[in-house]
Protein chains: 2
Amino acid sequence: MQLDERKKKILQAIIRNYLETGEPVGSRTISKYTDLNLSSATIRNEMADLEELGYILQPHTSAGRIPSDKGYRLYVDTMLEEKGREVEEMKEMLLEKEDKMEALLKQVVRVLAQNTNYATMISAPRIQRNKIKFIQLSRVDRGQILAVIVVEGNVIKNHMLEVPEGLSDETLLKLNMLLNTHLNGVPIEEINLGLIAALKQQAGSHEAVVGQVLDAVADVIKEEEDLEIYTSGANNIFKYPELADNTKASELISAFEEKRALNTLVQETLADESNTGIQVYIGEENPIQAIKDCSVVTATYELDEGMKGTIGIIGPKRMDYDKVVGTLKSLMHQLDDLYKKRD
Amino acid sequence: MQLDERKKKILQAIIRNYLETGEPVGSRTISKYTDLNLSSATIRNEMADLEELGYILQPHTSAGRIPSDKGYRLYVDTMLEEKGREVEEMKEMLLEKEDKMEALLKQVVRVLAQNTNYATMISAPRIQRNKIKFIQLSRVDRGQILAVIVVEGNVIKNHMLEVPEGLSDETLLKLNMLLNTHLNGVPIEEINLGLIAALKQQAGSHEAVVGQVLDAVADVIKEEEDLEIYTSGANNIFKYPELADNTKASELISAFEEKRALNTLVQETLADESNTGIQVYIGEENPIQAIKDCSVVTATYELDEGMKGTIGIIGPKRMDYDKVVGTLKSLMHQLDDLYKKRD
DNA sequence: TGTTAGCACTCTTTCCTATCGAGTGCTAAC
DNA sequence: GTTAGCACTCGATAGGAAAGAGTGCTAACA
């Protein structure tokens with residue numbers, strides 16, 4: 001059996017309707033809902049076929065049909081081809097520029113949750129090019145030195161070092177020179193044992209200080225790895241009865257709080273380079289067990305200088321894919337603009 | 001009518017039992033539960049009295065009794081006098097020292113949630129003494145300058161400034177001198193218009209740079225105000241049926257996510273200086289409307305140098321106050337130790 | 001051959017009712 | 001003051017009937 005045009009139309013109608021109502025949809029509804037002018041009986045026949053093909057399923061014998069994961073998948077795929085919508089609504093809200101990346105991300109994720117009525121997440125951009133741009137040691141207190149490390153992309157890292165009180169200003173100046181001449185412009189990955197040994201040797205009796213600075217540099221990478229994720233709108237799941245029962249809700253909330261799980265999602269999204277930057281995981285397709293009853297739409301955004309992050313929208317399988325994809329696309333453009341303007 | 005010793009004992013028994021089961025407790029249960037050797041009928045009489053006094057109430061005519069807010073309050077008050085327990089369990093977990101304050105707080109709040117099975121929050125310490133300790137401008141790029149501001153308590157603030165490319169190293173040095181001589185040791189609150197004007201005048205043509213630095217300083221205070229709050233264990237609320245229905249759960253989760261609300265709780269806790277540092281808000285007593293069906297136990301912790309923060313545990317009204325207070329007390333000691341050791 | 005009307009059948013949902021049982025309040029006796 | 005006893009209340013639970021939505025199948029139709 002093949003999936004002809006009419007079957008596709010009926011399937012689409014079923015899904016659309018189900019997205020709206022969340023209830024299984026019957027043949028009579030479709031008979032009226034579409035412009036095919038077919039009786040419910042005919043629809044019933046077609047539905048039986050669609051079920052056999054695996055695109056829809058019946059919760060129980062005398063209920064209407066609901067889309068299967070396979071059905072959603074077809075729907076989403078055809079939709080992604082067709083659409084390139086826009087949602088301008090949130091532009092204004094975003095335009096209240098925020099100075100700090102963190103605040104900006106928090107705002108984006110909140111606006112997105114409010115706009116879509118789904119749960120949302122965003123991962124802070126992961127810096128890919130990691131050259132050291134600038135290092136400075138400054139005395140703050142008698143026995144305390146502040147190390148400031150700036151990495152390409154203007155990621156700034158502060159670290160307080162305890163030093164012997166006898167350390168003179170002169171020495172400090174020397175150490176500054178030493179560090180900057182050897183490390184400026186060097187990608188963090190290239191700081192190997194040889195370089196470290198050379199630095200320590202030149203630092204002489206102050207090798208401990210150099211060691212601490214290098215530890216701080218190493219931290220920059222470490223922080224990269226457990227990258228920051230912000231979430232919002234977790235409570236939106238209560239708007240969808242199929243997700244709101246205690247067990248599921250608890251799992252979902254928990255996954256949202258323990259951002260560890262979401263991280264796998266981020267990784268997965270960043271790894272996949274194939275398409276437009278937008279990916280849709282339906283039900284079991286997504287890598288997180290706890291949200292297997294949900295669908296996830298993710299987008300990769302890229303700011304200047306190879307800084308990449310992920311935005312995700314998590315909702316019921318009957319989420320309004322159309323709108324969500326549109327919103328994400330528009331949002332990505334705006335993030336682009338926003339960043340370019342500021343830069 | 002007075003609250004004699006026997007009534008107190010009965011009330012305590014009712015509350016204890018209700019804390020365990022979460023079910024209304026009947027007269028027969030109490031008759032067996034206590035060592036008073038009274039029949040259920042007698043208990044019934046006493047319960048009628050207790051109800052009249054407002055310490056307990058009946059969900060409906062033929063049900064047992066549950067404690068009222070007033071009842072809990074009495075229970076908690078007498079308990080706080082008596083107890084000074086310890087919970088050593090989480091010591092080990094905390095002893096895996098974390099370098100960064102943020103990571104430490106996140107860990108504390110997580111450990112606490114795991115230990116208690118309630119939702120938990122912690123606010124990052126708010127610095128009270130705000131003297132500027134150190135300011136430094138460093139050139140990072142041709143047109144970019146990094147301003148590092150260190151405030152007493154070693155709070156570090158970075159800010160990137162855009163400057164005209166013509167700015168010479170010499171000028172930079174002068175500006176550094178200027179800022180440090182005038183601002184070092186000055187409490188941020190005391191930077192008034194007069195001081196600002198004087199600084200700008202001395203900076204001459206570079207007053208714009210000084211202005212930007214001062215803006216960054218102002219940010220330190222601003223950040224103080226919307227202080228950071230970390231939460232954990234929100235999903236624990238699903239363990240208590242009386243909180244787990246959709247409406248309530250949604251409100252709770254939402255309040256937990258929107259940390260704004262929790263902030264009022266922090267403020268309130270910090271404001272109250274009266275007692276041991278531990279406060280208990282029962283039901284409507286707490287300032288957040290969304291969690292009016294919960295109880296909140298808060299503690300103020302104080303690290304060195306007048307840095308104060310708040311820990312909170314949010315659970316059902318029938319939370320195990322005894323254990324929670326004990327846990328919090330022990331935790332506070334450990335935080336003290338931890339910080340002292342590191343310092 | 002595809003479409004449709006009709007009908008019996010299935011299964012959930014809803015509502016009603018009866019029953020159960022926990023717990024109370026009251027009375028009378030100890 | 002304490003207790004036993006009893007009638008009463010009211011939620012919870014279970015069973016069953018009726019309603020309703022929707023199906024699958026058959027037979028008729030164009």
# chains A, B, ... in the order shown; residues from 1 in each chain; ligands from 1
>>> residues_around(residues="stretch 67-77 of chain B", least_positions_apart="4", cutoff="7 Å", atoms="only C-alpha atoms (C1' of nucleotides)", output="list in words")
Gln12, Ile15, Gly54, Tyr55, Ile56, Leu57, Glu81, Ile282, Gly283 and Tyr321 of chain B
>>> residues_around(residues="B:Cys294", least_positions_apart="6", cutoff="9 Å", atoms="only C-alpha atoms (C1' of nucleotides)", output="VMD selection string")
chain B and resid 243 281 to 284 286 314 to 319
>>> write_last_selection(atoms="N, CA and C atoms", output="mmCIF file, in the first residue's frame")
data_model
loop_
_atom_site.group_PDB
_atom_site.id
_atom_site.type_symbol
_atom_site.label_atom_id
_atom_site.label_comp_id
_atom_site.auth_asym_id
_atom_site.auth_seq_id
_atom_site.Cartn_x
_atom_site.Cartn_y
_atom_site.Cartn_z
ATOM 1 N N LEU B 243 0.492 18.628 47.946
ATOM 2 C CA LEU B 243 1.063 19.708 47.135
ATOM 3 C C LEU B 243 1.097 19.355 45.655
ATOM 4 N N TYR B 281 8.446 29.716 58.812
ATOM 5 C CA TYR B 281 7.204 30.319 58.333
ATOM 6 C C TYR B 281 6.217 29.208 58.030
ATOM 7 N N ILE B 282 5.086 29.245 58.671
ATOM 8 C CA ILE B 282 4.116 28.176 58.461
ATOM 9 C C ILE B 282 2.953 28.688 57.625
ATOM 10 N N GLY B 283 2.715 28.007 56.520
ATOM 11 C CA GLY B 283 1.567 28.349 55.678
ATOM 12 C C GLY B 283 1.524 29.829 55.350
ATOM 13 N N GLU B 284 0.432 30.451 55.665
ATOM 14 C CA GLU B 284 0.206 31.840 55.268
ATOM 15 C C GLU B 284 1.214 32.806 55.891
ATOM 16 N N ASN B 286 4.276 32.928 55.525
ATOM 17 C CA ASN B 286 5.382 33.315 54.650
ATOM 18 C C ASN B 286 4.946 34.337 53.614
ATOM 19 N N ILE B 314 11.849 24.381 51.674
ATOM 20 C CA ILE B 314 10.425 24.556 51.436
ATOM 21 C C ILE B 314 9.773 23.191 51.299
ATOM 22 N N GLY B 315 8.790 22.939 52.121
ATOM 23 C CA GLY B 315 8.122 21.644 52.076
ATOM 24 C C GLY B 315 6.680 21.778 52.495
ATOM 25 N N PRO B 316 6.016 20.657 52.636
ATOM 26 C CA PRO B 316 4.621 20.708 53.052
ATOM 27 C C PRO B 316 4.546 21.186 54.497
ATOM 28 N N LYS B 317 3.367 21.636 54.879
ATOM 29 C CA LYS B 317 3.222 22.111 56.252
ATOM 30 C C LYS B 317 3.568 21.004 57.236
ATOM 31 N N ARG B 318 3.336 19.767 56.805
ATOM 32 C CA ARG B 318 3.680 18.678 57.709
ATOM 33 C C ARG B 318 5.133 18.262 57.539
ATOM 34 N N MET B 319 5.996 19.210 57.291
ATOM 35 C CA MET B 319 7.393 18.807 57.144
ATOM 36 C C MET B 319 7.962 18.415 58.509
#
>>> residues_around(residues="B:Val186", least_positions_apart="3", cutoff="6 Å", atoms="only C-alpha atoms (C1' of nucleotides)", output="list in words")
Lys131, Ile132 and Leu183 of chain B
>>> write_last_selection(atoms="N, CA and C atoms", output="mmCIF file, in the first residue's frame")
data_model
loop_
_atom_site.group_PDB
_atom_site.id
_atom_site.type_symbol
_atom_site.label_atom_id
_atom_site.label_comp_id
_atom_site.auth_asym_id
_atom_site.auth_seq_id
_atom_site.Cartn_x
_atom_site.Cartn_y
_atom_site.Cartn_z
ATOM 1 N N LYS B 131 33.684 48.408 50.367
ATOM 2 C CA LYS B 131 34.789 49.287 50.000
ATOM 3 C C LYS B 131 35.499 48.803 48.746
ATOM 4 N N ILE B 132 35.881 49.746 47.938
ATOM 5 C CA ILE B 132 36.666 49.393 46.749
ATOM 6 C C ILE B 132 38.096 49.100 47.175
ATOM 7 N N LEU B 183 39.799 56.351 44.708
ATOM 8 C CA LEU B 183 38.705 55.419 45.029
ATOM 9 C C LEU B 183 39.105 54.294 45.977
#
>>> atom_distance(atom1="atom CA of B:Thr34", atom2="atom CA of B:Leu3")
17.5 Å
>>> interface_residues(of="chain B", to="chain C", cutoff="8 Å", atoms="only C-alpha atoms (C1' of nucleotides)", output="ChimeraX atom specification")
/B:26-27,44,61-64
>>> write_last_selection(atoms="C-alpha atoms", output="PDB file, in the first residue's frame")
ATOM      1  CA  GLY B  26      -8.549  10.172  64.737  1.00  0.00           C
ATOM      2  CA  SER B  27      -9.120   9.847  68.437  1.00  0.00           C
ATOM      3  CA  ARG B  44     -12.392  13.105  71.557  1.00  0.00           C
ATOM      4  CA  THR B  61     -17.267  16.368  59.844  1.00  0.00           C
ATOM      5  CA  SER B  62     -16.455  12.710  59.953  1.00  0.00           C
ATOM      6  CA  ALA B  63     -12.728  12.922  59.466  1.00  0.00           C
ATOM      7  CA  GLY B  64      -9.945  13.042  62.013  1.00  0.00           C
TER       8      GLY B  64
END
>>> interface_residues(of="chain A", to="chain B", cutoff="6 Å", atoms="only C-alpha atoms", output="PyMOL selection string")
chain A and resi 235+250+253-254
>>> write_last_selection(atoms="N, CA and C atoms", output="short mmCIF file (atom, residue, chain, number, x, y, z; two decimals), in the first residue's frame")
data_model
loop_
_atom_site.label_atom_id
_atom_site.label_comp_id
_atom_site.auth_asym_id
_atom_site.auth_seq_id
_atom_site.Cartn_x
_atom_site.Cartn_y
_atom_site.Cartn_z
N ASN A 235 7.06 25.13 34.24
CA ASN A 235 5.68 24.93 34.70
C ASN A 235 4.68 24.85 33.55
N SER A 250 7.07 14.96 37.57
CA SER A 250 8.22 14.92 38.47
C SER A 250 9.50 14.63 37.68
N ILE A 253 10.41 17.79 35.57
CA ILE A 253 10.93 18.88 36.38
C ILE A 253 12.34 18.54 36.83
N SER A 254 12.50 17.32 37.22
CA SER A 254 13.80 16.88 37.71
C SER A 254 14.86 16.99 36.61
#
>>> select_by_dssp(residues="stretch 88-232 of chain A", states="helix (DSSP H, G or I)", output="ChimeraX atom specification")
/A:91-95,101-116,169-183,188-190,193-225
